[in-house]
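Visitor: Dropping in target_3.cif, which is mmCIF, C-alpha atoms:
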```cif
data_work
#
loop_
_atom_site.label_atom_id
_atom_site.label_comp_id
_atom_site.auth_asym_id
_atom_site.auth_seq_id
_atom_site.Cartn_x
_atom_site.Cartn_y
_atom_site.Cartn_z
CA GLN A 1 66.33 157.41 129.67
CA VAL A 2 66.64 158.00 133.41
CA LEU A 3 66.53 154.26 134.09
CA ALA A 4 68.93 153.52 131.26
CA ASP A 5 71.39 155.92 132.80
CA GLN A 6 71.14 153.96 136.06
CA GLY A 7 72.24 150.73 134.40
CA LEU A 8 70.83 147.35 133.49
CA GLU A 9 69.79 146.47 137.03
CA ALA A 10 67.47 149.46 137.13
CA LEU A 11 65.93 148.43 133.81
CA ASP A 12 65.58 144.81 134.91
CA ALA A 13 63.72 145.93 138.04
CA VAL A 14 60.83 147.34 135.98
CA LEU A 15 60.51 144.56 133.41
CA LEU A 16 57.39 142.41 133.59
CA PRO A 17 57.51 138.67 132.98
CA LEU A 18 56.32 137.56 129.56
CA SER A 19 53.33 135.86 131.19
CA ALA A 20 51.98 139.31 132.13
CA ALA A 21 50.92 139.71 128.48
CA THR A 22 48.60 136.71 128.75
CA VAL A 23 47.21 137.19 132.25
CA ASP A 24 43.60 137.37 130.96
CA TRP A 25 43.91 134.37 128.65
CA PRO A 26 42.80 130.83 129.44
CA GLN A 27 45.80 128.93 130.76
CA ALA A 28 46.94 125.33 130.73
CA ILE A 29 49.54 124.35 133.32
CA LEU A 30 51.50 121.49 131.76
CA GLU A 31 53.95 118.89 133.00
CA ARG A 32 57.51 118.92 131.72
CA SER A 33 56.98 115.83 129.54
CA VAL A 34 54.01 117.48 127.81
CA ILE A 35 55.97 120.69 127.25
CA ALA A 36 58.79 118.63 125.72
CA ARG A 37 56.37 117.25 123.12
CA LEU A 38 54.98 120.71 122.35
CA ALA A 39 58.53 122.07 122.00
CA ARG A 40 59.06 119.51 119.24
CA GLY A 41 55.92 120.67 117.42
CA LEU A 42 53.80 117.69 118.44
CA PRO A 43 50.17 118.15 119.50
CA VAL A 44 49.20 116.71 122.88
CA ASP A 45 46.01 115.69 124.65
CA ALA A 46 44.34 118.81 125.98
CA PRO A 47 43.42 119.23 129.63
CA ALA A 48 39.66 119.31 130.17
CA GLY A 49 37.84 122.61 130.06
CA LEU A 50 39.97 124.57 127.59
CA PRO A 51 37.93 126.74 125.22
CA ALA A 52 38.12 126.18 121.47
CA GLY A 53 38.80 129.07 119.12
CA ARG A 54 40.90 131.10 121.57
CA SER A 55 44.58 131.63 122.10
CA LEU A 56 45.78 129.76 125.18
CA ALA A 57 48.70 130.50 127.48
CA LEU A 58 50.67 127.26 127.83
CA MET A 59 52.50 127.44 131.14
CA ASP A 60 55.03 125.19 132.84
CA GLU A 61 54.61 123.99 136.41
CA GLU A 62 56.50 127.07 137.65
CA ASN A 63 53.91 129.31 135.97
CA CYS A 64 56.29 130.46 133.23
CA LEU A 65 54.81 131.09 129.79
CA MET A 66 56.25 128.52 127.39
CA ALA A 67 54.02 128.93 124.33
CA VAL A 68 50.88 130.37 122.87
CA GLY A 69 48.68 127.53 121.74
CA GLU A 70 45.22 126.51 120.65
CA LEU A 71 43.06 123.46 120.27
CA ASN A 72 43.48 122.00 116.80
CA ALA A 73 40.69 120.51 114.63
CA GLU A 74 41.05 117.17 116.45
CA GLY A 75 40.65 118.85 119.85
CA ARG A 76 44.32 118.38 120.74
CA LEU A 77 46.52 121.10 122.16
CA ALA A 78 49.05 122.53 119.72
CA SER A 79 51.71 125.20 120.10
CA ARG A 80 51.36 128.11 117.68
CA ARG A 81 54.18 130.33 118.98
CA TRP A 82 56.95 128.96 121.13
CA VAL A 83 58.28 131.59 123.55
CA GLY A 84 59.92 129.41 126.19
CA GLY A 85 63.36 129.59 124.65
CA ARG A 86 65.37 126.46 124.16
CA PHE A 87 63.70 123.62 125.99
CA ILE A 88 65.78 120.65 127.09
CA ALA A 89 63.78 117.63 128.16
#
```
Turn this file's structure into structure tokens for me.

Guide:
Amino acid sequence: QVLADQGLEALDAVLLPLSAATVDWPQAILERSVIARLARGLPVDAPAGLPAGRSLALMDEENCLMAVGELNAEGRLASRRWVGGRFIA
């Protein structure tokens, strides 16, 4: 309540980025064109070395969390929960 009384700037100063929730997860840093495909619900070729059967943090090149994904049955990378907001390719 003390921070709320100080205004939105005080609250913003203590907020963590969404990526903080996935800091211990395996990550895939993806190019903008790959993220555009994932944003449309399309699976993409997975970067080498990603573990199967785990949730993956799908990050853009600026290290912002864009989606939670996983490897599908074909071994391709698929978005399961899009969190990157509206993506414009």

Visitor: Given the PyMOL selection byres ((chain A and resi 24) around 12) and the file above, list the residues it selects as an NGL selection string.

Guide: :A and (19-23 or 25-27 or 54-57)

Visitor: Could you pull the residues within 9 Å of Arg81 in chain A, counting all atoms listed in the file, minus those fewer than 6 positions along the same chain, as a ChimeraX atom specification?

Guide: /A:66-69

Visitor: Taking all listed atoms of range 75-85 of chain A, build the axis-aligned box, pad each of the six sides by 4 Å, then write its centre and edge lengths in Å to one decimal as JSON.

Guide:
```
{"center_x": 52.0, "center_y": 125.0, "center_z": 121.9, "size_x": 30.7, "size_y": 21.2, "size_z": 16.5}
```

Visitor: Report, in Å with one decimal, the straight-line distance from CA of Arg37 in chain A to CA of Arg80 in chain A.

Guide: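 Answer for the CA of Arg37 in chain A to CA of Arg80 in chain A separation: 13.1 Å.
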
Visitor: Counting only C-alpha atoms, figure out which residue out of A:Leu50, A:Leu18, A:Ile29, A:Val44 gets nearest to Arg76 in chain A.

Guide: A:Val44

Visitor: Using only C-alpha atoms, pick whichever of A:Asn72, A:Asn63, A:Ser79, A:Gln1 has the shortest atom-to-atom distance to Leu30 in chain A.

Guide: A:Asn63

Visitor: Go through A:Cys64, A:Ala78, A:Ala28, A:Val2 and flag the residue nearest Gly41 in chain A, using all atoms listed in the file for the distances.

Guide: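 Counting all atoms listed in the file, the residue closest to Gly41 in chain A is A:Ala78.
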
Visitor: To one decimal place, how far is CA of Leu71 in chain A from CA of Gly84 in chain A in Å?

Guide: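 Atom-to-atom, CA of Leu71 in chain A and CA of Gly84 in chain A are spaced 18.8 Å apart.
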
Visitor: Got a sec to resolve the PyMOL selection byres ((chain A and resi 31) around 10) on this structure and send the residues as a list in words?

Guide: Ala28, Ile29, Leu30, Arg32, Ser33, Val34, Ile35, Ala36, Met59, Asp60, Glu61 and Glu62 of chain A

Visitor: Just want the 12 Å neighbourhood of Ala73 in chain A, counted on only C-alpha atoms, with same-chain residues fewer than 5 positions away dropped. Output as a ChimeraX atom specification.

Guide: /A:43,52-53,78

Visitor: So how far away is CA of Pro47 in chain A from CA of Trp82 in chain A, in Å?

Guide: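 Distance reported for this atom pair: 18.7 Å.
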